[in-house]
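**Student:** For reference, this is my_file_34.csv, and it has CSV, C-alpha atoms.
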chain,number,residue,atom,x,y,z
C,208,MET,CA,97.6,-39.1,96.1
C,209,LYS,CA,100.3,-41.3,97.6
C,210,ARG,CA,100.1,-44.6,95.8
C,211,LEU,CA,100.8,-46.6,99.0
C,212,GLU,CA,98.0,-44.8,100.9
C,213,VAL,CA,95.1,-47.0,101.8
C,214,PRO,CA,91.9,-45.5,100.2
C,215,PRO,CA,89.2,-44.5,102.6
C,216,ALA,CA,85.9,-46.4,102.9
C,217,PHE,CA,83.1,-45.4,100.5
C,218,GLY,CA,80.7,-42.9,102.0
C,219,HIS,CA,81.4,-39.6,103.6
C,220,SER,CA,85.0,-40.6,104.3
C,221,MET,CA,85.6,-40.4,100.6
C,222,LEU,CA,84.6,-36.7,100.5
C,223,LYS,CA,88.2,-35.7,101.4
C,224,HIS,CA,89.1,-36.7,97.9
C,225,PHE,CA,86.5,-34.3,96.3
C,226,GLY,CA,86.5,-30.6,96.4
C,227,PHE,CA,82.9,-29.9,97.5
C,228,GLU,CA,81.9,-27.2,99.9
C,229,PRO,CA,81.6,-28.8,103.4
C,230,SER,CA,77.9,-28.2,103.6
C,231,TYR,CA,77.0,-29.2,100.0
C,232,ILE,CA,75.2,-32.5,99.4
C,233,ASN,CA,75.6,-33.7,95.8
C,234,LEU,CA,73.0,-36.2,94.7
C,235,ASN,CA,73.3,-35.0,91.1
C,236,ASN,CA,76.5,-36.5,89.8
C,237,GLY,CA,74.6,-37.5,86.7
C,238,SER,CA,74.4,-33.9,85.4
C,239,TYR,CA,78.0,-32.8,85.5
C,240,GLY,CA,80.1,-35.5,87.1
C,241,SER,CA,82.4,-35.1,90.1
C,242,LEU,CA,86.1,-34.6,89.7
C,243,PRO,CA,88.3,-36.3,92.4
C,244,LEU,CA,91.0,-34.1,93.8
C,245,PRO,CA,93.8,-36.5,92.8
C,246,VAL,CA,92.6,-36.3,89.2
C,247,LEU,CA,92.3,-32.5,89.5
C,248,GLU,CA,95.9,-32.3,90.7
C,249,ALA,CA,97.0,-34.4,87.8
C,250,CYS,CA,95.2,-32.0,85.5
C,251,GLU,CA,96.9,-29.1,87.0
C,252,GLN,CA,100.2,-30.8,86.3
C,253,ILE,CA,99.2,-31.4,82.7
C,254,SER,CA,98.3,-27.8,82.3
C,255,ARG,CA,101.7,-26.7,83.7
C,256,GLU,CA,103.5,-29.1,81.3
C,257,ILE,CA,101.6,-27.7,78.4
C,258,GLU,CA,102.4,-24.1,79.3
C,259,SER,CA,106.1,-24.9,79.9
C,260,ASN,CA,106.5,-25.6,76.1
C,261,PRO,CA,103.2,-25.4,74.2
C,262,ASP,CA,104.8,-26.1,70.8
C,263,ARG,CA,106.5,-29.3,72.0
C,264,TYR,CA,103.4,-30.5,73.9
C,265,MET,CA,100.9,-29.8,71.2
C,266,ARG,CA,103.0,-31.1,68.3
C,267,SER,CA,104.3,-34.2,69.8
C,268,THR,CA,104.0,-34.9,73.6
C,269,TYR,CA,100.2,-35.3,73.7
C,270,ILE,CA,99.9,-37.7,70.8
C,271,PRO,CA,101.2,-40.9,72.6
C,272,LEU,CA,99.3,-39.8,75.8
C,273,LEU,CA,96.1,-39.6,73.8
C,274,GLN,CA,96.8,-43.0,72.3
C,275,VAL,CA,97.1,-44.4,75.8
C,276,VAL,CA,93.8,-42.9,76.8
C,277,ARG,CA,92.1,-44.4,73.7
C,278,GLY,CA,93.6,-47.8,74.5
C,279,ARG,CA,92.5,-47.8,78.1
C,280,VAL,CA,89.0,-46.7,77.2
C,281,ALA,CA,88.8,-49.3,74.4
C,282,GLU,CA,89.9,-52.0,76.8
C,283,LEU,CA,87.2,-51.0,79.3
C,284,LEU,CA,84.6,-51.1,76.6
C,285,GLY,CA,85.7,-54.3,74.8
C,286,ALA,CA,86.6,-52.5,71.7
C,287,ASP,CA,89.6,-52.0,69.4
C,288,ILE,CA,91.7,-49.0,70.1
C,289,ASP,CA,91.3,-47.7,66.5
C,290,GLU,CA,87.5,-47.8,66.9
C,291,CYS,CA,87.6,-45.3,69.8
C,292,VAL,CA,88.3,-41.6,69.6
C,293,ILE,CA,87.9,-38.8,72.1
C,294,VAL,CA,85.4,-35.9,71.6
C,295,PRO,CA,84.3,-33.0,73.9
C,296,ASN,CA,81.0,-34.5,75.1
C,297,ALA,CA,78.3,-37.0,74.1
C,298,THR,CA,76.1,-34.3,72.4
C,299,HIS,CA,79.1,-33.4,70.2
C,300,GLY,CA,79.7,-37.1,69.4
C,301,VAL,CA,76.0,-37.8,68.5
C,302,ASN,CA,76.0,-34.6,66.3
C,303,THR,CA,79.2,-35.8,64.6
C,304,VAL,CA,77.5,-39.0,63.6
C,305,LEU,CA,74.2,-37.6,62.5
C,306,ARG,CA,75.7,-34.7,60.6
C,307,ASN,CA,78.0,-37.1,58.7
C,308,LEU,CA,75.3,-39.5,57.5
C,309,SER,CA,74.1,-39.0,53.9
C,310,TRP,CA,70.4,-38.3,54.3
C,311,GLY,CA,67.6,-38.8,51.8
C,312,GLU,CA,64.1,-37.2,51.9
C,313,THR,CA,62.5,-40.6,52.6
C,314,ASP,CA,64.8,-41.5,55.4
C,315,ILE,CA,63.5,-41.8,58.9
C,316,VAL,CA,65.1,-40.8,62.2
C,317,VAL,CA,63.6,-42.5,65.3
C,318,GLY,CA,63.9,-40.7,68.6
C,319,THR,CA,62.1,-41.5,71.8
C,320,ALA,CA,59.8,-39.5,74.2
C,321,VAL,CA,62.8,-39.4,76.7
C,322,THR,CA,65.6,-38.6,74.3
C,323,TYR,CA,67.9,-36.0,75.8
C,324,ALA,CA,66.7,-32.5,74.9
C,325,ALA,CA,69.8,-31.4,72.9
C,326,ILE,CA,69.7,-34.7,70.9
C,327,ALA,CA,65.9,-34.3,70.3
C,328,ARG,CA,66.6,-30.8,68.9
C,329,THR,CA,69.4,-32.2,66.8
C,330,ILE,CA,67.0,-34.7,65.2
C,331,GLN,CA,64.6,-31.8,64.6
C,332,TYR,CA,67.4,-29.8,62.9
C,333,ILE,CA,68.4,-32.7,60.7
C,334,SER,CA,64.7,-32.9,59.7
C,335,ASP,CA,64.5,-29.1,59.1
C,336,ILE,CA,67.3,-28.9,56.5
C,337,PRO,CA,67.4,-30.4,53.0
C,338,PRO,CA,66.7,-33.1,52.1
C,339,HIS,CA,64.3,-33.1,55.1
C,340,PRO,CA,64.4,-36.6,56.4
C,341,GLN,CA,61.4,-37.5,58.5
C,342,GLN,CA,61.3,-38.2,62.2
C,343,THR,CA,59.2,-40.5,64.4
C,344,THR,CA,59.0,-40.8,68.1
C,345,PHE,CA,58.9,-44.1,70.0
C,346,VAL,CA,56.9,-43.4,73.1
C,347,LEU,CA,58.5,-44.5,76.4
C,348,ASN,CA,56.7,-43.9,79.6
C,349,PHE,CA,57.7,-45.2,83.0
C,350,PRO,CA,57.0,-47.2,85.0
C,351,THR,CA,57.1,-50.1,82.5
C,352,THR,CA,58.8,-53.4,81.9
C,353,THR,CA,61.7,-54.6,79.8
C,354,HIS,CA,59.3,-56.9,77.9
C,355,GLU,CA,57.0,-54.0,77.0
C,356,ILE,CA,59.9,-51.8,75.9
C,357,LEU,CA,61.3,-54.4,73.6
C,358,GLU,CA,57.9,-55.5,72.2
C,359,GLN,CA,56.8,-51.9,71.6
C,360,PHE,CA,60.2,-50.9,70.1
C,361,ARG,CA,60.0,-53.7,67.6
C,362,ALA,CA,56.4,-52.9,66.7
C,363,HIS,CA,57.4,-49.2,66.2
C,364,LEU,CA,60.2,-50.1,63.8
C,365,LYS,CA,58.0,-52.5,62.0
C,366,SER,CA,55.3,-49.8,61.6
C,367,ILE,CA,57.6,-47.7,59.4
C,368,PRO,CA,56.9,-48.3,55.8
C,369,ARG,CA,59.9,-49.5,53.8
C,370,GLN,CA,60.7,-48.0,50.4
C,371,ASP,CA,63.6,-48.7,48.1
C,372,GLY,CA,66.7,-46.9,49.5
C,373,ARG,CA,65.0,-45.7,52.7
C,374,LYS,CA,67.3,-45.6,55.6
C,375,VAL,CA,66.0,-45.8,59.2
C,376,ILE,CA,68.3,-44.6,62.0
C,377,ALA,CA,67.3,-45.1,65.6
C,378,ILE,CA,68.7,-42.9,68.5
C,379,ILE,CA,68.7,-45.1,71.6
C,380,ASP,CA,69.7,-44.1,75.1
C,381,ALA,CA,71.8,-46.6,77.1
C,382,ILE,CA,70.9,-44.8,80.3
C,383,VAL,CA,68.2,-42.1,79.9
C,384,SER,CA,69.0,-38.7,81.5
C,385,VAL,CA,65.5,-38.2,82.9
C,386,PRO,CA,64.1,-40.5,84.0
C,387,GLY,CA,67.5,-41.9,85.1
C,388,VAL,CA,66.8,-45.4,83.9
C,389,LEU,CA,69.0,-48.1,82.3
C,390,LEU,CA,67.5,-49.3,79.0
C,391,PRO,CA,68.0,-52.7,77.6
C,392,TRP,CA,70.0,-51.1,74.8
C,393,GLU,CA,71.9,-54.2,73.9
C,394,LYS,CA,68.7,-56.0,73.1
C,395,MET,CA,67.4,-52.9,71.3
C,396,VAL,CA,70.5,-53.0,69.1
C,397,LYS,CA,69.7,-56.6,68.3
C,398,ILE,CA,66.2,-55.6,67.2
C,399,CYS,CA,67.7,-52.9,65.1
C,400,LYS,CA,69.8,-55.4,63.3
C,401,GLU,CA,66.9,-57.7,62.7
C,402,GLU,CA,64.8,-54.8,61.3
C,403,ASP,CA,67.6,-53.3,59.2
C,404,VAL,CA,67.9,-50.1,61.3
C,405,VAL,CA,71.0,-48.2,62.0
C,406,SER,CA,71.6,-47.9,65.8
C,407,VAL,CA,73.1,-44.8,67.3
C,408,ILE,CA,73.5,-45.3,71.1
C,409,ASP,CA,73.6,-42.1,73.2
C,410,ALA,CA,75.4,-43.7,76.1
C,411,ALA,CA,76.1,-40.4,77.9
C,412,HIS,CA,75.7,-41.9,81.3
C,413,ALA,CA,77.0,-45.4,80.6
C,414,ILE,CA,80.8,-45.6,81.0
C,415,GLY,CA,81.6,-45.7,84.7
C,416,GLN,CA,78.1,-46.6,85.6
C,417,GLN,CA,77.2,-49.7,83.6
C,418,VAL,CA,79.7,-52.5,84.3
C,419,SER,CA,80.9,-55.1,81.8
C,420,ILE,CA,80.1,-53.2,78.6
C,421,ASP,CA,81.3,-55.3,75.6
C,422,LEU,CA,80.8,-53.3,72.4
C,423,LYS,CA,82.2,-56.2,70.3
C,424,VAL,CA,79.3,-58.3,71.6
C,425,ALA,CA,76.6,-55.6,71.6
C,426,ASP,CA,77.8,-54.4,68.2
C,427,PRO,CA,76.0,-51.1,67.9
C,428,ASP,CA,76.6,-49.0,64.7
C,429,PHE,CA,77.7,-46.0,66.8
C,430,TRP,CA,78.1,-45.5,70.5
C,431,ILE,CA,79.0,-42.4,72.5
C,432,SER,CA,79.6,-41.9,76.2
C,433,ASN,CA,80.8,-39.1,78.4
C,434,CYS,CA,83.9,-39.8,80.4
C,435,HIS,CA,83.4,-36.8,82.7
C,436,LYS,CA,80.1,-37.9,84.3
C,437,TRP,CA,80.6,-41.3,85.9
C,438,LEU,CA,84.2,-42.1,85.0
C,439,TYR,CA,85.7,-39.2,87.0
C,440,ALA,CA,87.5,-37.5,84.1
C,441,LYS,CA,87.6,-33.7,83.8
C,442,ARG,CA,84.8,-31.9,82.0
C,443,GLY,CA,84.4,-32.3,79.1
C,444,CYS,CA,85.4,-35.4,77.3
C,445,ALA,CA,83.6,-38.4,75.8
C,446,VAL,CA,84.4,-41.5,73.8
C,447,LEU,CA,83.0,-41.9,70.3
C,448,TYR,CA,83.0,-45.6,69.2
C,449,VAL,CA,82.7,-46.3,65.5
C,450,PRO,CA,83.3,-49.9,64.4
C,451,LYS,CA,85.6,-50.2,61.5
C,452,ARG,CA,82.8,-51.3,59.2
C,453,ASN,CA,81.2,-47.9,59.6
C,454,GLN,CA,84.2,-45.5,59.7
C,455,HIS,CA,83.8,-44.7,56.1
C,456,LEU,CA,80.5,-43.0,57.0
C,457,ILE,CA,82.3,-40.5,59.3
C,458,LYS,CA,83.8,-38.4,56.6
C,459,THR,CA,84.7,-35.4,58.8
C,460,THR,CA,85.1,-34.3,62.4
C,461,LEU,CA,83.2,-31.3,63.8
C,462,PRO,CA,84.9,-28.9,63.1
C,463,THR,CA,86.6,-30.4,60.1
C,464,SER,CA,90.1,-31.4,60.8
C,465,ALA,CA,93.2,-30.6,58.7
C,466,TYR,CA,93.4,-34.4,58.2
C,467,TYR,CA,90.1,-34.6,56.4
C,468,VAL,CA,90.5,-36.6,53.1
C,469,SER,CA,88.5,-35.3,50.2
C,470,PRO,CA,87.4,-37.5,47.2
C,471,SER,CA,89.1,-34.8,45.1
C,472,ASP,CA,92.5,-35.1,46.8
C,473,PRO,CA,95.3,-36.2,44.5
C,474,PRO,CA,96.5,-39.8,44.9
C,475,GLY,CA,99.3,-40.7,47.2
C,476,GLY,CA,98.0,-39.0,50.3
C,477,PRO,CA,96.1,-40.5,53.3
C,478,GLU,CA,93.2,-42.6,52.5
C,479,ALA,CA,89.7,-41.9,53.7
C,480,PRO,CA,88.3,-42.0,56.2
C,481,ASN,CA,91.6,-41.4,58.1
C,482,PHE,CA,89.4,-41.8,61.2
C,483,VAL,CA,91.8,-41.7,64.1
C,484,ASN,CA,94.1,-39.0,62.6
C,485,GLN,CA,91.1,-36.7,62.0
C,486,PHE,CA,90.0,-36.8,65.6
C,487,GLN,CA,93.5,-36.5,66.9
C,488,TRP,CA,93.6,-32.8,66.1
C,489,THR,CA,90.5,-30.7,65.3
C,490,GLY,CA,92.0,-27.4,66.2
C,491,THR,CA,93.6,-25.8,69.3
C,492,LEU,CA,91.8,-26.6,72.5
C,493,ASP,CA,92.6,-27.5,76.1
C,494,LEU,CA,93.8,-31.1,75.9
C,495,THR,CA,93.7,-31.6,79.7
C,496,PRO,CA,90.2,-33.1,79.9
C,497,PHE,CA,91.0,-35.7,77.2
C,498,LEU,CA,94.3,-36.7,78.9
C,499,SER,CA,92.6,-36.8,82.4
C,500,VAL,CA,90.9,-40.0,81.5
C,501,SER,CA,94.1,-42.0,82.3
C,502,HIS,CA,94.3,-40.4,85.7
C,503,ALA,CA,90.6,-41.0,86.4
C,504,LEU,CA,91.1,-44.7,85.6
C,505,ASP,CA,94.1,-44.8,87.9
C,506,PHE,CA,91.9,-43.3,90.7
C,507,ARG,CA,89.2,-45.9,90.1
C,508,GLN,CA,91.7,-48.7,90.3
C,509,TRP,CA,93.1,-47.3,93.5
C,510,ILE,CA,89.8,-47.2,95.3
C,511,GLY,CA,88.8,-50.7,94.3
C,512,GLY,CA,87.9,-50.9,90.6
C,513,GLU,CA,84.8,-50.9,88.5
C,514,GLU,CA,82.9,-53.7,90.3
C,515,LYS,CA,83.4,-52.4,93.8
C,516,ILE,CA,82.6,-48.8,92.8
C,517,ASN,CA,79.4,-49.8,91.1
C,518,ALA,CA,78.3,-52.3,93.7
C,519,TYR,CA,78.4,-49.6,96.3
C,520,CYS,CA,76.6,-46.9,94.1
C,521,HIS,CA,74.0,-49.3,92.9
C,522,GLY,CA,73.2,-50.6,96.3
C,523,LEU,CA,73.0,-47.1,97.7
C,524,ALA,CA,70.7,-46.0,94.9
C,525,LEU,CA,68.3,-48.8,95.6
C,526,LYS,CA,68.3,-48.4,99.4
C,527,GLY,CA,68.4,-44.6,99.3
C,528,GLY,CA,65.6,-44.4,96.8
C,529,ARG,CA,63.4,-46.6,99.0
C,530,ARG,CA,64.2,-44.5,102.1
C,531,LEU,CA,63.5,-41.2,100.2
C,532,ALA,CA,60.1,-42.6,99.0
C,533,GLU,CA,59.3,-43.5,102.6
C,534,ILE,CA,60.1,-40.0,103.8
C,535,LEU,CA,58.0,-38.5,101.0
C,536,SER,CA,55.2,-41.1,101.4
C,537,THR,CA,55.5,-41.8,97.7
C,538,ARG,CA,57.2,-44.5,95.6
C,539,VAL,CA,60.2,-45.3,93.5
C,540,MET,CA,59.7,-45.4,89.8
C,541,ASP,CA,61.4,-48.8,89.4
C,542,GLU,CA,60.2,-50.9,92.2
C,543,ASP,CA,62.0,-54.1,91.3
C,544,GLY,CA,65.2,-52.4,90.3
C,545,GLU,CA,65.4,-53.7,86.7
C,546,PHE,CA,66.0,-50.2,85.3
C,547,THR,CA,68.2,-48.9,88.1
C,548,ALA,CA,72.0,-48.5,87.7
C,549,ASN,CA,73.4,-45.8,90.0
C,550,MET,CA,70.5,-43.3,89.6
C,551,VAL,CA,67.1,-43.7,91.3
C,552,ASN,CA,63.9,-41.9,90.6
C,553,VAL,CA,61.4,-41.1,93.3
C,554,GLU,CA,58.0,-39.6,93.0
C,555,LEU,CA,57.4,-36.2,94.6
C,556,PRO,CA,54.3,-35.4,96.7
C,557,LEU,CA,53.2,-32.7,94.2
C,558,HIS,CA,49.9,-32.5,92.5
C,559,VAL,CA,50.4,-29.6,90.2
C,560,GLY,CA,50.8,-29.6,86.4
C,561,GLU,CA,54.1,-29.5,84.5
C,562,SER,CA,55.7,-26.1,84.3
C,563,GLN,CA,59.2,-24.8,84.1
C,564,GLU,CA,58.3,-22.3,86.9
C,565,VAL,CA,57.6,-25.2,89.3
C,566,ASN,CA,60.8,-27.0,88.3
C,567,ASN,CA,62.9,-23.9,88.7
C,568,ARG,CA,61.4,-23.4,92.1
C,569,ILE,CA,62.3,-26.9,93.3
C,570,ARG,CA,65.8,-26.8,91.9
C,571,GLY,CA,66.4,-23.2,93.1
C,572,SER,CA,65.2,-23.9,96.6
C,573,LEU,CA,67.2,-27.1,96.9
C,574,LEU,CA,70.4,-25.2,96.0
C,575,SER,CA,69.9,-21.8,97.6
C,576,ASP,CA,68.0,-22.9,100.8
C,577,TRP,CA,69.3,-26.4,101.5
C,578,ASN,CA,72.6,-26.5,99.5
C,579,ILE,CA,71.7,-29.9,98.1
C,580,CYS,CA,71.0,-31.1,94.6
C,581,GLY,CA,68.9,-33.7,92.9
C,582,GLN,CA,67.4,-33.5,89.4
C,583,SER,CA,63.7,-32.7,89.5
C,584,TYR,CA,61.5,-33.3,86.4
C,585,HIS,CA,58.0,-34.1,85.2
C,586,HIS,CA,57.3,-37.4,83.5
C,587,ASN,CA,54.1,-39.3,82.7
C,588,GLY,CA,51.9,-37.0,84.6
C,589,LYS,CA,53.9,-36.9,87.8
C,590,TRP,CA,56.8,-35.0,89.4
C,591,TRP,CA,59.9,-37.0,90.2
C,592,ILE,CA,63.4,-36.4,91.6
C,593,ARG,CA,66.4,-38.2,90.1
C,594,CYS,CA,69.2,-39.0,92.6
C,595,SER,CA,72.7,-40.1,91.7
C,596,ALA,CA,74.4,-42.3,94.2
C,597,GLN,CA,78.2,-41.9,94.3
C,598,ILE,CA,81.0,-43.2,96.4
C,599,TYR,CA,80.9,-40.1,98.6
C,600,ASN,CA,77.2,-40.4,99.4
C,601,GLU,CA,75.5,-42.1,102.4
C,602,MET,CA,71.9,-42.8,103.4
C,603,SER,CA,71.9,-39.6,105.4
C,604,ASP,CA,72.2,-37.6,102.2
C,605,PHE,CA,68.9,-39.1,100.9
C,606,GLU,CA,67.3,-38.4,104.3
C,607,LYS,CA,68.4,-34.7,104.1
C,608,LEU,CA,67.1,-34.5,100.6
C,609,GLY,CA,63.8,-35.9,101.8
C,610,GLU,CA,63.6,-33.3,104.6
C,611,ALA,CA,64.2,-30.6,102.0
C,612,LEU,CA,61.7,-31.9,99.5
C,613,VAL,CA,58.9,-32.3,102.1
C,614,SER,CA,59.3,-28.6,102.9
C,615,ILE,CA,59.6,-27.4,99.3
C,616,CYS,CA,56.7,-29.5,98.0
C,617,LYS,CA,54.4,-28.5,100.9
C,618,ALA,CA,55.1,-24.8,100.1
C,619,ILE,CA,54.4,-25.3,96.4
C,620,GLU,CA,51.1,-27.2,97.1
C,621,GLU,CA,50.0,-24.4,99.5
C,622,ASP,CA,50.7,-21.8,96.8
C,623,ASN,CA,48.6,-23.7,94.2
Written as structure tokens, how would this file's structure read?
**Tutor:**
Amino acid sequence: MKRLEVPPAFGHSMLKHFGFEPSYINLNNGSYGSLPLPVLEACEQISREIESNPDRYMRSTYIPLLQVVRGRVAELLGADIDECVIVPNATHGVNTVLRNLSWGETDIVVGTAVTYAAIARTIQYISDIPPHPQQTTFVLNFPTTTHEILEQFRAHLKSIPRQDGRKVIAIIDAIVSVPGVLLPWEKMVKICKEEDVVSVIDAAHAIGQQVSIDLKVADPDFWISNCHKWLYAKRGCAVLYVPKRNQHLIKTTLPTSAYYVSPSDPPGGPEAPNFVNQFQWTGTLDLTPFLSVSHALDFRQWIGGEEKINAYCHGLALKGGRRLAEILSTRVMDEDGEFTANMVNVELPLHVGESQEVNNRIRGSLLSDWNICGQSYHHNGKWWIRCSAQIYNEMSDFEKLGEALVSICKAIEEDN
């Protein structure tokens, strides 16, 4: 990318900066992200530099580059640099937190009915192993309102009996995967504080999609977000934010780093928790995704910055969702837009029960027959499609998806 080059307008003109097949329509950025070609080219250069002298790069070159990444991410999130470390993905980050906490048999882990599947299973695993902390589920069904979510969330936390020494840890999505909805997570964190509950924010979709995040103000206990989904970094990398007051709780990385500090270590060495140093090196891996974050941020600045990117994507999500609902003769889940960031959820004209077979048929047909992708799912008794609006999408993409879904849903209805 030539730095003096004028970036193209958002929409299909931007496709030249992405590596998609010419006929492919990607309305599913939320699942795996989309790597801009200038960032890919920078990654290829990083890989060549690593291979030119692996010893020098691994032992010294990458450390200041990683510090730059952490600093730039911290600035974007309103955090201190030494409160942010880079991990492979959000699931890894949430697991790092949950597997470090010291559990008791009376402790409670609070998930939700829409917790990401891998995190829900992590909660189950934590409950399955000694000392077997308990779990509860906060039921979240959409459509709903912010007022209802906050009132019901507080009521759920208050309903948990408190015993001496019992810890309550709540796993909260910033932006839910499915449905693709923005939760009032900052207000939920405030409720957690008021109810003496530890807040772990699974913000997998947040960075690059939710603007003006200020972690110092929101002040969650832990916060984790993928950089490879909406920020345009290479898969996979995520930021793990741990405020300094809680870093003593993160005793080890996953896997355990050579920089782990044991209580039995002789005096004179590093002091626990040695937080940043531990995450700086957890074993040999491809450092390219971690270092790609700086180049992703450069690309975002070049095309106009956070506000411009998200204004386009948010506006297209709202308009595209309404147009898709019109084509399908259904409705959008979030009619007034209070839960919509850059993903929109539209009801499908399907009247069959939930089954993996039906979901596989929708997704398979979209990709194999139409070369288009959105995320289909079943929620609250209905079938929905989640569409991600990105800078390379236009209204015609939603219209093409609508044409495909009309055909697919009609065939499924006829077969049932």
**Student:** Excluding Leu525 (chain C) and residues on its chain fewer than 4 positions from it, collect all residues at most 8 Å away from it, counting all atoms listed in the file, and give them as number ranges by chain.
**Tutor:** C: 521, 529, 544, 547, 551
**Student:** When you draw a straight line from CA of Ser334 (chain C) to CA of Val294 (chain C), how long is it in Å?
**Tutor:**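 Result for CA of Ser334 (chain C) versus CA of Val294 (chain C): 24.1 Å, one decimal.
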**Student:** May I have the protein, DNA and RNA residues with any atom at most 12 Å from the point (76.4, -26.8, 94.0), counting all atoms listed in the file, written as a PyMOL selection string?
**Tutor:** chain C and resi 226-236+238-241+570-581
**Student:** With C-alpha atoms retained, write the just-selected residues as an mmCIF file, keeping the file's coordinate frame.
**Tutor:**
data_model
loop_
_atom_site.group_PDB
_atom_site.id
_atom_site.type_symbol
_atom_site.label_atom_id
_atom_site.label_comp_id
_atom_site.auth_asym_id
_atom_site.auth_seq_id
_atom_site.Cartn_x
_atom_site.Cartn_y
_atom_site.Cartn_z
ATOM 1 C CA GLY C 226 86.500 -30.600 96.400
ATOM 2 C CA PHE C 227 82.900 -29.900 97.500
ATOM 3 C CA GLU C 228 81.900 -27.200 99.900
ATOM 4 C CA PRO C 229 81.600 -28.800 103.400
ATOM 5 C CA SER C 230 77.900 -28.200 103.600
ATOM 6 C CA TYR C 231 77.000 -29.200 100.000
ATOM 7 C CA ILE C 232 75.200 -32.500 99.400
ATOM 8 C CA ASN C 233 75.600 -33.700 95.800
ATOM 9 C CA LEU C 234 73.000 -36.200 94.700
ATOM 10 C CA ASN C 235 73.300 -35.000 91.100
ATOM 11 C CA ASN C 236 76.500 -36.500 89.800
ATOM 12 C CA SER C 238 74.400 -33.900 85.400
ATOM 13 C CA TYR C 239 78.000 -32.800 85.500
ATOM 14 C CA GLY C 240 80.100 -35.500 87.100
ATOM 15 C CA SER C 241 82.400 -35.100 90.100
ATOM 16 C CA ARG C 570 65.800 -26.800 91.900
ATOM 17 C CA GLY C 571 66.400 -23.200 93.100
ATOM 18 C CA SER C 572 65.200 -23.900 96.600
ATOM 19 C CA LEU C 573 67.200 -27.100 96.900
ATOM 20 C CA LEU C 574 70.400 -25.200 96.000
ATOM 21 C CA SER C 575 69.900 -21.800 97.600
ATOM 22 C CA ASP C 576 68.000 -22.900 100.800
ATOM 23 C CA TRP C 577 69.300 -26.400 101.500
ATOM 24 C CA ASN C 578 72.600 -26.500 99.500
ATOM 25 C CA ILE C 579 71.700 -29.900 98.100
ATOM 26 C CA CYS C 580 71.000 -31.100 94.600
ATOM 27 C CA GLY C 581 68.900 -33.700 92.900
#
**Student:** What's the 12 Å shell around Leu531 (chain C), counting all atoms listed in the file, without same-chain residues fewer than 5 positions away, as a ChimeraX atom specification?
**Tutor:** /C:523-526,536-540,551-556,581,591-594,602-613
**Student:** Please provide as a PyMOL selection string all residues within 8 Å of Ala411 (chain C), with the sequence filter that same-chain residues fewer than 5 positions apart are discarded (counting all atoms listed in the file).
**Tutor:** chain C and resi 297+380-382+431-433+436
**Student:** Skipping near chain neighbours, those fewer than 6 positions away, what residues fall within 9 Å of Gly560 (chain C) using all atoms listed in the file, listed as a PyMOL selection string?
**Tutor:** chain C and resi 585+588-590
**Student:** For Asp287 (chain C), which of C:Ala216, C:Val483, C:Ile534, C:Leu347 is the closest residue, counting only C-alpha atoms?
**Tutor:**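 Closest to Asp287 (chain C) of all the choices is C:Val483.
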